[in-house]
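Q: Compact mmCIF, C-alpha atoms (C1' of nucleotides), file start_5.txt:
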```txt
# COMPACT_ATOMS: atom_id res chain seq x y z
CA MET D 1 14.54 10.87 -105.06
CA LEU D 2 16.43 14.05 -104.29
CA ASP D 3 13.33 15.38 -102.57
CA TYR D 4 13.40 12.45 -100.16
CA LEU D 5 17.08 12.99 -99.54
CA ILE D 6 16.26 16.55 -98.55
CA LEU D 7 13.34 15.54 -96.36
CA GLY D 8 15.43 12.85 -94.73
CA SER D 9 18.21 15.27 -93.96
CA LEU D 10 15.75 17.66 -92.38
CA THR D 11 14.41 14.91 -90.12
CA ILE D 12 17.81 15.13 -88.43
CA HIS D 13 17.56 18.86 -87.80
CA GLU D 14 17.01 22.11 -89.66
CA MET D 15 19.63 22.92 -92.25
CA SER D 16 20.49 25.27 -95.07
CA GLY D 17 20.92 24.02 -98.62
CA TYR D 18 24.62 24.26 -98.17
CA GLU D 19 24.55 22.15 -95.04
CA ILE D 20 22.42 19.51 -96.74
CA LYS D 21 25.03 19.28 -99.47
CA LYS D 22 27.69 18.98 -96.82
CA LEU D 23 25.85 16.19 -95.06
CA MET D 24 25.48 14.31 -98.34
CA SER D 25 29.13 14.50 -99.21
CA ASN D 26 30.33 13.84 -95.68
CA SER D 27 28.39 10.68 -95.17
CA THR D 28 26.56 9.49 -98.22
CA ALA D 29 28.71 10.86 -101.02
CA PHE D 30 29.13 7.45 -102.50
CA PHE D 31 25.48 7.11 -103.28
CA SER D 32 24.40 10.67 -103.78
CA ASN D 33 26.53 13.53 -104.89
CA VAL D 34 24.10 16.32 -105.43
CA SER D 35 24.85 19.32 -107.59
CA ASP D 36 23.78 22.87 -106.77
CA GLY D 37 21.71 22.96 -109.91
CA SER D 38 19.48 20.20 -108.66
CA LEU D 39 19.53 20.90 -104.94
CA TYR D 40 18.34 24.49 -104.88
CA PRO D 41 15.46 24.01 -107.30
CA ALA D 42 14.47 20.92 -105.31
CA LEU D 43 14.39 22.95 -102.10
CA LYS D 44 12.19 25.51 -103.80
CA ARG D 45 9.90 22.78 -105.09
CA CYS D 46 9.57 21.17 -101.67
CA GLU D 47 8.80 24.49 -100.06
CA GLU D 48 6.15 25.28 -102.67
CA SER D 49 4.43 21.99 -101.97
CA GLY D 50 4.54 22.66 -98.24
CA LEU D 51 6.86 19.81 -97.28
CA ILE D 52 9.47 22.14 -95.85
CA ARG D 53 9.55 25.79 -94.79
CA SER D 54 12.38 28.26 -94.57
CA LYS D 55 13.54 31.19 -92.56
CA GLU D 56 16.11 33.58 -93.88
CA LEU D 57 18.73 34.87 -91.52
CA VAL D 58 22.18 36.38 -91.36
CA GLU D 59 24.76 34.44 -89.38
CA ASN D 60 28.32 35.79 -89.03
CA GLY D 61 27.41 38.34 -91.66
CA ARG D 62 26.42 35.57 -94.02
CA TYR D 63 23.00 35.29 -95.57
CA LYS D 64 21.44 31.88 -95.04
CA LYS D 65 18.16 30.24 -95.76
CA VAL D 66 17.51 27.58 -93.17
CA TYR D 67 14.91 24.94 -93.92
CA GLU D 68 12.94 22.79 -91.54
CA ILE D 69 10.60 19.96 -92.32
CA THR D 70 6.85 20.49 -91.81
CA PRO D 71 4.59 17.85 -90.23
CA GLU D 72 3.23 17.09 -93.71
CA GLY D 73 6.76 16.73 -95.02
CA ARG D 74 7.64 14.36 -92.21
CA GLN D 75 4.60 12.26 -92.97
CA VAL D 76 5.42 12.15 -96.68
CA PHE D 77 8.95 11.07 -95.85
CA LEU D 78 7.87 8.36 -93.42
CA ASP D 79 5.38 7.03 -95.98
CA TRP D 80 8.10 6.89 -98.61
CA LEU D 81 10.52 5.13 -96.24
CA GLU D 82 8.09 2.24 -95.91
CA GLN D 83 7.10 2.04 -99.54
CA PRO D 84 8.25 -0.85 -101.75
CA LEU D 85 11.58 -0.21 -103.40
CA LYS D 86 11.64 0.70 -107.06
CA PRO D 87 13.09 -2.03 -109.29
CA PHE D 88 16.82 -2.18 -108.82
CA LYS D 89 18.59 -0.80 -111.86
CA PHE D 90 22.25 -0.28 -112.20
CA ARG D 91 24.15 1.13 -115.11
CA TYR D 92 27.86 0.69 -114.90
CA GLU D 93 29.95 2.23 -117.61
CA ILE D 94 32.94 -0.07 -117.40
CA LEU D 95 30.70 -3.07 -117.97
CA ILE D 96 29.62 -1.65 -121.28
CA ARG D 97 33.26 -1.24 -122.24
CA LEU D 98 33.95 -4.75 -121.08
CA PHE D 99 31.02 -6.11 -123.02
CA PHE D 100 32.37 -4.66 -126.25
CA ALA D 101 36.03 -5.13 -125.39
CA ARG D 102 36.68 -7.41 -128.33
CA ASN D 103 36.99 -4.17 -130.30
CA LEU D 104 39.92 -3.29 -128.07
CA THR D 105 43.48 -4.55 -127.74
CA GLN D 106 44.18 -6.31 -124.46
CA ASP D 107 46.54 -3.52 -123.45
CA LYS D 108 43.90 -0.88 -123.89
CA LEU D 109 41.45 -2.97 -121.91
CA PHE D 110 43.92 -3.31 -119.06
CA GLN D 111 44.43 0.44 -119.10
CA ILE D 112 40.70 0.97 -118.68
CA ILE D 113 40.44 -1.58 -115.90
CA ASP D 114 43.43 -0.08 -114.09
CA GLN D 115 41.93 3.33 -114.42
CA HIS D 116 38.69 2.11 -112.93
CA ILE D 117 40.47 0.39 -110.06
CA GLN D 118 42.17 3.69 -109.36
CA GLN D 119 38.80 5.47 -109.33
CA LEU D 120 37.53 2.92 -106.85
CA GLU D 121 40.62 3.25 -104.65
CA ASP D 122 40.12 7.01 -104.56
CA LEU D 123 36.47 6.69 -103.67
CA LYS D 124 37.28 4.17 -100.98
CA GLN D 125 39.93 6.49 -99.59
CA SER D 126 37.49 9.36 -99.36
CA LEU D 127 35.07 7.14 -97.47
CA GLU D 128 37.85 6.09 -95.15
CA ASN D 129 38.54 9.73 -94.43
CA ILE D 130 34.90 10.24 -93.59
CA ALA D 131 34.90 7.14 -91.39
CA ALA D 132 37.96 8.39 -89.54
CA GLY D 133 36.40 11.82 -89.07
CA PRO D 134 34.11 13.10 -86.32
CA ALA D 135 31.15 11.13 -87.79
CA LYS D 136 28.45 13.49 -86.64
CA TYR D 137 24.90 12.17 -86.56
CA ALA D 138 26.15 8.63 -87.14
CA ASP D 139 23.68 6.14 -85.73
CA THR D 140 23.95 2.38 -86.27
CA CYS D 141 22.22 2.47 -89.63
CA GLN D 142 24.22 5.39 -90.91
CA LYS D 143 27.35 3.56 -89.94
CA ALA D 144 26.08 0.54 -91.84
CA THR D 145 25.63 2.72 -94.90
CA LEU D 146 29.22 3.85 -94.66
CA ARG D 147 30.34 0.29 -94.07
CA PHE D 148 28.50 -0.72 -97.21
CA GLY D 149 30.43 1.81 -99.23
CA LEU D 150 33.76 0.60 -97.93
CA ASP D 151 32.93 -3.06 -98.47
CA PHE D 152 31.42 -2.39 -101.85
CA TYR D 153 34.37 -0.50 -103.25
CA GLN D 154 36.72 -3.17 -101.96
CA TYR D 155 34.61 -5.85 -103.58
CA LEU D 156 34.73 -4.11 -106.95
CA ILE D 157 38.47 -3.53 -106.65
CA ASP D 158 38.99 -7.22 -105.96
CA TRP D 159 36.66 -8.31 -108.73
CA PHE D 160 38.37 -6.27 -111.39
CA SER D 161 41.84 -7.13 -110.14
CA ASN D 162 40.87 -10.73 -110.37
CA LEU D 163 39.50 -10.30 -113.87
CA GLU D 164 42.79 -8.81 -114.95
CA SER D 165 44.77 -11.71 -113.50
CA GLN D 166 42.54 -14.16 -115.28
CA LEU D 167 42.83 -12.36 -118.59
CA LYS D 168 46.58 -12.13 -118.14
CA GLY D 169 46.72 -15.81 -117.33
CA SER D 170 45.24 -16.65 -120.71
CA GLU D 171 47.45 -14.19 -122.57
CA ASN D 172 49.00 -16.83 -124.80
CA LYS D 173 45.58 -17.92 -125.96
CA PRO D 174 43.41 -15.70 -128.15
CA ALA D 175 42.13 -13.95 -125.06
CA LEU D 176 39.42 -11.76 -126.50
CA ALA D 177 38.11 -14.21 -129.03
CA ASN D 178 35.33 -16.71 -128.73
CA GLN D 179 36.49 -19.65 -126.68
CA PRO D 180 34.53 -22.87 -127.04
CA GLU D 181 33.01 -24.27 -123.90
CA ASN D 182 31.03 -27.29 -122.87
CA GLN D 183 27.44 -26.23 -123.39
CA MET X 1 25.51 6.39 -123.27
CA LEU X 2 22.62 4.74 -125.06
CA ASP X 3 24.12 5.87 -128.36
CA TYR X 4 27.28 3.94 -127.57
CA LEU X 5 25.26 0.92 -126.60
CA ILE X 6 23.63 1.07 -130.02
CA LEU X 7 26.91 1.58 -131.84
CA GLY X 8 28.50 -1.23 -129.88
CA SER X 9 25.67 -3.59 -130.73
CA LEU X 10 26.02 -2.75 -134.39
CA THR X 11 29.75 -3.57 -134.31
CA ILE X 12 28.60 -7.17 -133.81
CA HIS X 13 26.39 -7.15 -136.89
CA GLU X 14 23.50 -5.24 -138.41
CA MET X 15 20.33 -5.26 -136.37
CA SER X 16 16.90 -3.75 -136.08
CA GLY X 17 15.87 -1.69 -133.07
CA TYR X 18 13.97 -4.64 -131.78
CA GLU X 19 16.98 -6.90 -132.04
CA ILE X 20 19.16 -4.38 -130.23
CA LYS X 21 16.67 -4.36 -127.40
CA LYS X 22 16.73 -8.13 -127.39
CA LEU X 23 20.51 -8.23 -127.23
CA MET X 24 20.49 -5.82 -124.29
CA SER X 25 18.00 -7.82 -122.29
CA ASN X 26 19.50 -11.18 -123.19
CA SER X 27 22.99 -10.37 -122.15
CA THR X 28 23.36 -7.05 -120.48
CA ALA X 29 19.96 -6.55 -118.93
CA PHE X 30 21.47 -6.03 -115.55
CA PHE X 31 23.25 -2.90 -116.57
CA SER X 32 21.04 -1.52 -119.28
CA ASN X 33 17.38 -2.10 -119.72
CA VAL X 34 16.45 0.22 -122.51
CA SER X 35 12.90 1.39 -123.11
CA ASP X 36 11.33 1.84 -126.54
CA GLY X 37 10.86 5.49 -125.83
CA SER X 38 14.58 6.05 -125.60
CA LEU X 39 15.82 3.47 -128.09
CA TYR X 40 13.94 4.53 -131.20
CA PRO X 41 14.63 8.24 -130.85
CA ALA X 42 18.28 7.35 -130.22
CA LEU X 43 18.41 5.33 -133.45
CA LYS X 44 16.94 8.28 -135.32
CA ARG X 45 19.47 10.62 -133.73
CA CYS X 46 22.40 8.36 -134.64
CA GLU X 47 21.21 8.04 -138.19
CA GLU X 48 20.80 11.80 -138.54
CA SER X 49 24.36 12.31 -137.40
CA GLY X 50 25.60 9.69 -139.85
CA LEU X 51 26.86 7.16 -137.30
CA ILE X 52 24.52 4.48 -138.51
CA ARG X 53 22.39 3.93 -141.61
CA SER X 54 19.27 1.91 -142.20
CA LYS X 55 17.56 -0.11 -144.82
CA GLU X 56 13.90 -0.88 -144.62
CA LEU X 57 12.75 -4.32 -145.59
CA VAL X 58 9.97 -6.83 -145.16
CA GLU X 59 10.94 -10.17 -143.66
CA ASN X 60 8.31 -12.88 -143.15
CA GLY X 61 5.73 -10.27 -143.97
CA ARG X 62 7.06 -8.07 -141.19
CA TYR X 63 8.27 -4.56 -141.74
CA LYS X 64 11.74 -4.03 -140.34
CA LYS X 65 14.27 -1.28 -140.28
CA VAL X 66 17.71 -2.79 -140.12
CA TYR X 67 20.59 -0.59 -139.05
CA GLU X 68 24.27 -0.96 -139.75
CA ILE X 69 27.15 1.07 -138.40
CA THR X 70 28.96 3.44 -140.76
CA PRO X 71 32.76 3.77 -140.82
CA GLU X 72 32.37 7.11 -139.01
CA GLY X 73 30.17 5.44 -136.43
CA ARG X 74 32.69 2.70 -135.90
CA GLN X 75 35.43 5.26 -135.39
CA VAL X 76 33.33 7.23 -132.91
CA PHE X 77 32.63 4.04 -131.00
CA LEU X 78 36.26 2.93 -130.93
CA ASP X 79 37.32 6.37 -129.73
CA TRP X 80 34.76 6.24 -126.97
CA LEU X 81 35.84 2.74 -125.92
CA GLU X 82 39.33 4.02 -125.19
CA GLN X 83 38.32 7.23 -123.53
CA PRO X 84 38.76 7.72 -119.77
CA LEU X 85 35.78 6.52 -117.78
CA LYS X 86 33.41 9.08 -116.38
CA PRO X 87 33.57 9.39 -112.59
CA PHE X 88 31.93 6.39 -111.02
CA LYS X 89 28.59 7.33 -109.52
CA PHE X 90 26.13 5.01 -108.01
CA ARG X 91 22.77 5.78 -106.52
CA TYR X 92 21.24 2.98 -104.60
CA GLU X 93 17.79 3.50 -103.22
CA ILE X 94 17.95 1.05 -100.34
CA LEU X 95 21.03 2.80 -98.98
CA ILE X 96 19.05 5.99 -98.63
CA ARG X 97 16.39 4.09 -96.72
CA LEU X 98 19.08 2.52 -94.58
CA PHE X 99 20.71 5.87 -93.93
CA PHE X 100 17.48 7.27 -92.53
CA ALA X 101 16.27 4.03 -90.99
CA ARG X 102 16.21 5.43 -87.47
CA ASN X 103 12.83 6.84 -88.48
CA LEU X 104 11.69 3.25 -88.99
CA THR X 105 10.84 0.37 -86.67
CA GLN X 106 13.25 -2.55 -86.92
CA ASP X 107 10.47 -4.73 -88.33
CA LYS X 108 9.77 -2.32 -91.15
CA LEU X 109 13.48 -2.11 -91.91
CA PHE X 110 13.71 -5.89 -92.10
CA GLN X 111 10.75 -5.93 -94.46
CA ILE X 112 12.53 -3.53 -96.77
CA ILE X 113 15.78 -5.46 -96.65
CA ASP X 114 13.96 -8.75 -97.32
CA GLN X 115 12.17 -7.18 -100.22
CA HIS X 116 15.45 -6.01 -101.67
CA ILE X 117 17.05 -9.40 -101.23
CA GLN X 118 14.10 -10.85 -103.14
CA GLN X 119 14.65 -8.34 -105.94
CA LEU X 120 18.27 -9.37 -106.11
CA GLU X 121 17.42 -13.08 -106.13
CA ASP X 122 15.04 -12.48 -109.04
CA LEU X 123 17.62 -10.53 -110.98
CA LYS X 124 20.21 -13.19 -110.34
CA GLN X 125 17.80 -15.86 -111.49
CA SER X 126 17.15 -14.04 -114.75
CA LEU X 127 20.89 -13.81 -115.34
CA GLU X 128 21.24 -17.50 -114.61
CA ASN X 129 18.62 -18.20 -117.23
CA ILE X 130 20.57 -16.15 -119.71
CA ALA X 131 23.80 -17.92 -118.76
CA ALA X 132 22.15 -21.29 -119.25
CA GLY X 133 20.77 -20.23 -122.63
CA PRO X 134 22.37 -20.40 -126.07
CA ALA X 135 24.63 -17.39 -125.24
CA LYS X 136 24.89 -16.12 -128.79
CA TYR X 137 27.75 -13.77 -129.54
CA ALA X 138 29.31 -14.51 -126.17
CA ASP X 139 33.05 -13.93 -126.33
CA THR X 140 35.32 -14.02 -123.27
CA CYS X 141 34.63 -10.44 -122.31
CA GLN X 142 30.90 -10.75 -122.73
CA LYS X 143 30.98 -13.82 -120.53
CA ALA X 144 32.92 -11.82 -117.98
CA THR X 145 30.20 -9.20 -118.03
CA LEU X 146 27.61 -11.84 -117.29
CA ARG X 147 29.83 -13.33 -114.61
CA PHE X 148 30.07 -9.91 -113.04
CA GLY X 149 26.31 -9.68 -112.81
CA LEU X 150 26.02 -13.06 -111.14
CA ASP X 151 28.82 -12.38 -108.67
CA PHE X 152 27.58 -8.90 -107.98
CA TYR X 153 24.03 -9.87 -107.17
CA GLN X 154 25.29 -12.65 -104.93
CA TYR X 155 27.57 -10.23 -103.14
CA LEU X 156 24.71 -7.85 -102.45
CA ILE X 157 22.46 -10.67 -101.28
CA ASP X 158 25.14 -11.81 -98.85
CA TRP X 159 25.87 -8.30 -97.65
CA PHE X 160 22.28 -7.50 -96.82
CA SER X 161 21.64 -10.92 -95.30
CA ASN X 162 24.62 -10.35 -93.10
CA LEU X 163 23.42 -6.89 -92.13
CA GLU X 164 20.11 -8.37 -91.04
CA SER X 165 21.81 -11.01 -88.91
CA GLN X 166 23.92 -8.37 -87.27
CA LEU X 167 20.95 -6.12 -86.56
CA LYS X 168 19.02 -9.08 -85.23
CA GLY X 169 21.95 -10.05 -83.05
CA SER X 170 21.81 -6.69 -81.32
CA GLU X 171 18.02 -6.73 -80.96
CA ASN X 172 18.10 -6.43 -77.19
CA LYS X 173 20.19 -3.31 -77.40
CA PRO X 174 18.74 -0.05 -78.71
CA ALA X 175 19.51 -1.11 -82.26
CA LEU X 176 18.66 1.97 -84.22
CA ALA X 177 19.90 4.51 -81.72
CA ASN X 178 23.26 6.15 -81.41
CA GLN X 179 25.72 3.73 -79.90
CA PRO X 180 28.76 5.25 -78.27
CA GLU X 181 32.11 4.25 -79.65
CA ASN X 182 35.74 4.94 -78.94
CA GLN X 183 36.44 8.09 -80.92
C1' DT Z 1 45.94 40.05 -102.27
C1' DT Z 2 44.46 35.97 -103.75
C1' DA Z 3 42.40 31.53 -103.20
C1' DT Z 4 39.11 28.90 -100.73
C1' DT Z 5 35.03 28.22 -98.40
C1' DC Z 6 30.51 29.73 -97.55
C1' DA Z 7 26.17 30.63 -99.77
C1' DT Z 8 22.34 30.83 -103.27
C1' DG Z 9 20.40 30.74 -107.34
C1' DT Z 10 18.96 30.55 -112.91
C1' DA Z 11 19.04 28.80 -117.80
C1' DA Z 12 20.04 25.61 -121.11
C1' DT Z 13 20.68 21.10 -122.00
C1' DT Z 14 20.88 16.14 -121.45
C1' DT Z 15 19.01 11.90 -120.80
C1' DG Z 16 15.79 9.20 -119.96
C1' DT Z 17 11.00 7.36 -118.66
C1' DT Z 18 5.93 6.39 -119.11
C1' DA Z 19 2.06 6.39 -121.53
C1' DC Z 20 0.07 6.45 -125.78
C1' DA Z 21 -0.64 4.71 -130.49
C1' DT Z 22 -0.54 1.31 -134.19
C1' DG Z 23 -0.55 -3.03 -136.44
C1' DA Z 24 1.04 -7.68 -138.23
C1' DT Z 25 2.25 -12.56 -137.14
C1' DT Z 26 2.60 -16.65 -134.60
C1' DC Z 27 1.64 -19.76 -130.96
C1' DT Z 28 -1.88 -22.11 -128.05
C1' DA J 1 -10.27 -16.75 -130.71
C1' DG J 2 -7.04 -14.72 -127.88
C1' DA J 3 -2.52 -14.03 -126.01
C1' DA J 4 2.13 -13.31 -126.80
C1' DT J 5 5.68 -11.74 -129.56
C1' DC J 6 7.40 -8.99 -133.27
C1' DA J 7 7.96 -4.26 -134.70
C1' DT J 8 8.12 0.94 -134.76
C1' DG J 9 7.24 5.14 -133.34
C1' DT J 10 5.41 9.95 -130.83
C1' DA J 11 4.27 13.14 -126.99
C1' DA J 12 4.38 14.50 -122.46
C1' DC J 13 6.90 14.47 -118.61
C1' DA J 14 10.65 13.75 -115.11
C1' DA J 15 14.99 14.21 -113.08
C1' DA J 16 19.17 15.72 -113.11
C1' DT J 17 23.47 17.89 -115.00
C1' DT J 18 26.55 21.64 -116.59
C1' DA J 19 27.51 26.10 -117.13
C1' DC J 20 26.55 30.49 -115.85
C1' DA J 21 26.02 34.19 -112.44
C1' DT J 22 26.71 36.56 -108.02
C1' DG J 23 28.80 37.91 -103.80
C1' DA J 24 30.55 37.98 -98.86
C1' DA J 25 33.92 36.14 -95.31
C1' DT J 26 38.03 33.99 -94.12
C1' DA J 27 42.49 31.80 -94.36
C1' DA J 28 47.14 31.71 -96.62
```
Would you mind giving the structure from this file in structure tokens?
A:
Amino acid sequence: MLDYLILGSLTIHEMSGYEIKKLMSNSTAFFSNVSDGSLYPALKRCEESGLIRSKELVENGRYKKVYEITPEGRQVFLDWLEQPLKPFKFRYEILIRLFFARNLTQDKLFQIIDQHIQQLEDLKQSLENIAAGPAKYADTCQKATLRFGLDFYQYLIDWFSNLESQLKGSENKPALANQPENQ
Amino acid sequence: MLDYLILGSLTIHEMSGYEIKKLMSNSTAFFSNVSDGSLYPALKRCEESGLIRSKELVENGRYKKVYEITPEGRQVFLDWLEQPLKPFKFRYEILIRLFFARNLTQDKLFQIIDQHIQQLEDLKQSLENIAAGPAKYADTCQKATLRFGLDFYQYLIDWFSNLESQLKGSENKPALANQPENQ
DNA sequence: TTATTCATGTAATTTGTTACATGATTCT
DNA sequence: AGAATCATGTAACAAATTACATGAATAA
């Protein structure tokens, strides 16, 4: 996955590892925050398999290793782009908490939900900052990606806010216990 | 994470590895589809660290290893439940495709989006089947978890359908190219 | 002068998957 | 008789993280 993120970035133009990281966090942070410890080994791996090649240079007295994509790398990337998607899997920590929330007081549960809403607000804010920024390289599809992030975070914020209201609304009832329903 | 999923399951009642897997896929499949290769080693690990203990028995001529949570395990689980959430991270393959979609013809992009919508419809259907089923152990919070899955998949289906309409609407324009904006 | 940003990397660990391997029971 | 489900596990591999490690340039 990371390899394709690297190849994709290099289809835009040649970049150093550091710049690739920058691009990720300035535009796609919400779906891929890459750590140094995975990026640099991945670059090495891709170079070894001939998908990218590097030149080392010194710019403003700073050592840099700038990578460009090779024709083979471009082909591999284009092939991947068209391939069927892997099965969609999604692991979402707060849902696990929610699933087992009967072990929790309602207050504690609300704390966790509030905390998550705050996380989401922060993430949304950082995307808004990116959206308000210079938005380099942003074509229609890249803008759609950003738009997705904004919409998505807002959706989750609303969903969890709504859940809280509903749980609060049934506060007098045994909220976390089994409630009979017509089945 | 998996360890907590196991502990959480065992707060409901004692279960074998197989039953834990069943519980996951019958109620929380959409956020945690656990493979044998991770579940059984995890059970071993938890037992070695004293969080759970097992008894082996033969039921209907079938060998079983039934696990129950220990008081220490319960405490570890409850502590975890209340702990701050880890930073929310989300990697979503189709967004990476979308981000680099300028390397793709519009037709190919639509194929990918359609394929993803189909994935989501299938996942939603499987959740609907679960929701229509006997819904064992389903307390309010567990129902909310299921509800989340249904709402979430529908949201994504709508979002991507909408994206397609929008892209189709601008088909005469250079859809995948950089479109100037007021910045 | 001190913190931040730029810049690259390694080592140990974590967490999980896929494929392999086995075997009994029950449903059709 | 054969397929599906029940039931448990190992071994090899994959992908990524965290912590460690270094060091120059620039902005406060």
Q: For the atom pair CA of Arg147 in chain X and CA of Gly37 in chain X, what is the interatomic distance in Å to one decimal place?
A: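 Pair CA of Arg147 in chain X / CA of Gly37 in chain X returns 29.0 Å.
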Q: Should the cut-off be 9 Å, what would the residue list for chain Z against chain X look like, counting only C-alpha atoms (C1' of nucleotides), as a list of chain:residue names?
A: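 Result: Z:DT15, Z:DG16, Z:DT17, Z:DT18, Z:DA24, Z:DT25.
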Q: Any chance you could export the current selection's C-alpha atoms (C1' of nucleotides) as a PDB file, in the coordinates of the input?
A:
```pdb
ATOM      1  C1'  DT Z  15      19.010  11.900-120.800  1.00  0.00           C
ATOM      2  C1'  DG Z  16      15.790   9.200-119.960  1.00  0.00           C
ATOM      3  C1'  DT Z  17      11.000   7.360-118.660  1.00  0.00           C
ATOM      4  C1'  DT Z  18       5.930   6.390-119.110  1.00  0.00           C
ATOM      5  C1'  DA Z  24       1.040  -7.680-138.230  1.00  0.00           C
ATOM      6  C1'  DT Z  25       2.250 -12.560-137.140  1.00  0.00           C
TER       7       DT Z  25
END
```
Q: Return as JSON lines the residues of chain J lying at most 10 Å from chain X, together with the closest atom-to-atom pair for each and the distance in Å to one decimal, counting only C-alpha atoms (C1' of nucleotides), with rows in chain order and ascending residue number.
A:
```
{"residue": "J:DC6", "atom": "C1'", "partner": "X:Arg62", "partner_atom": "CA", "distance": 8.0}
{"residue": "J:DA7", "atom": "C1'", "partner": "X:Tyr18", "partner_atom": "CA", "distance": 6.7}
{"residue": "J:DT8", "atom": "C1'", "partner": "X:Tyr40", "partner_atom": "CA", "distance": 7.7}
{"residue": "J:DG9", "atom": "C1'", "partner": "X:Tyr40", "partner_atom": "CA", "distance": 7.1}
{"residue": "J:DT10", "atom": "C1'", "partner": "X:Gly37", "partner_atom": "CA", "distance": 8.6}
```
Q: Between X:Glu59, X:Asp122, X:Asp114, X:Asp107, single out the one closest to Ile94 in chain X, counting all atoms listed in the file.
A: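 Selected residue with least distance to Ile94 in chain X: X:Asp114.
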Q: So how far away is CA of Asn162 in chain D from CA of Gln83 in chain X, in Å?
A: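 The value is 22.4 Å.
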Q: So which residues touch Leu85 in chain D within 12 Å, counting all atoms listed in the file, skipping near sequence neighbours fewer than 4 positions away, as a list in words?
A: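 Returned residues: Met1, Trp80, Leu81 and Lys89 of chain D; Tyr92, Glu93, Ile94, Leu95, Ile96, Arg97, Leu98, Leu109, Gln111, Ile112, Ile113, Asp114, Gln115, His116, Ile117, Gln118, Gln119 and Leu120 of chain X.
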Q: Store the residues of this selection in a file with C-alpha atoms, as a compact mmCIF listing (two decimals), in the coordinates of the input.
A:
```txt
# COMPACT_ATOMS: atom_id res chain seq x y z
CA MET D 1 14.54 10.87 -105.06
CA TRP D 80 8.10 6.89 -98.61
CA LEU D 81 10.52 5.13 -96.24
CA LYS D 89 18.59 -0.80 -111.86
CA TYR X 92 21.24 2.98 -104.60
CA GLU X 93 17.79 3.50 -103.22
CA ILE X 94 17.95 1.05 -100.34
CA LEU X 95 21.03 2.80 -98.98
CA ILE X 96 19.05 5.99 -98.63
CA ARG X 97 16.39 4.09 -96.72
CA LEU X 98 19.08 2.52 -94.58
CA LEU X 109 13.48 -2.11 -91.91
CA GLN X 111 10.75 -5.93 -94.46
CA ILE X 112 12.53 -3.53 -96.77
CA ILE X 113 15.78 -5.46 -96.65
CA ASP X 114 13.96 -8.75 -97.32
CA GLN X 115 12.17 -7.18 -100.22
CA HIS X 116 15.45 -6.01 -101.67
CA ILE X 117 17.05 -9.40 -101.23
CA GLN X 118 14.10 -10.85 -103.14
CA GLN X 119 14.65 -8.34 -105.94
CA LEU X 120 18.27 -9.37 -106.11
```
Q: Give me, please, the distance in Å between CA of Leu123 in chain X and CA of Lys22 in chain X, quoted to one decimal.
A: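 The value is 16.6 Å.
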Q: Please provide the set of residues having any atom within 12 Å of DG2 in chain J, restricted to all atoms listed in the file, with same-chain residues fewer than 6 positions apart removed, written as number ranges by chain.
A: Z: 26-28
Q: Let me see the file: selected residues, C-alpha atoms (C1' of nucleotides), as a PDB file, in the coordinates of the input.
A:
```pdb
ATOM      1  C1'  DT Z  26       2.600 -16.650-134.600  1.00  0.00           C
ATOM      2  C1'  DC Z  27       1.640 -19.760-130.960  1.00  0.00           C
ATOM      3  C1'  DT Z  28      -1.880 -22.110-128.050  1.00  0.00           C
TER       4       DT Z  28
END
```
Q: Env of Trp159 in chain X: 12 Å cut, atoms = only C-alpha atoms (C1' of nucleotides), seq-sep filter 3 positions within chain, self excluded. Answer as number ranges by chain.
A: D: 144-145, 147-152, 155; X: 113-114, 116-117, 120, 152-156, 162-166
Q: Using only C-alpha atoms, which residue out of X:Asn33, X:Lys168, X:Val58, X:Ser161 lies closest to chain D?
A: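 Result for the nearest residue to chain D: X:Asn33.
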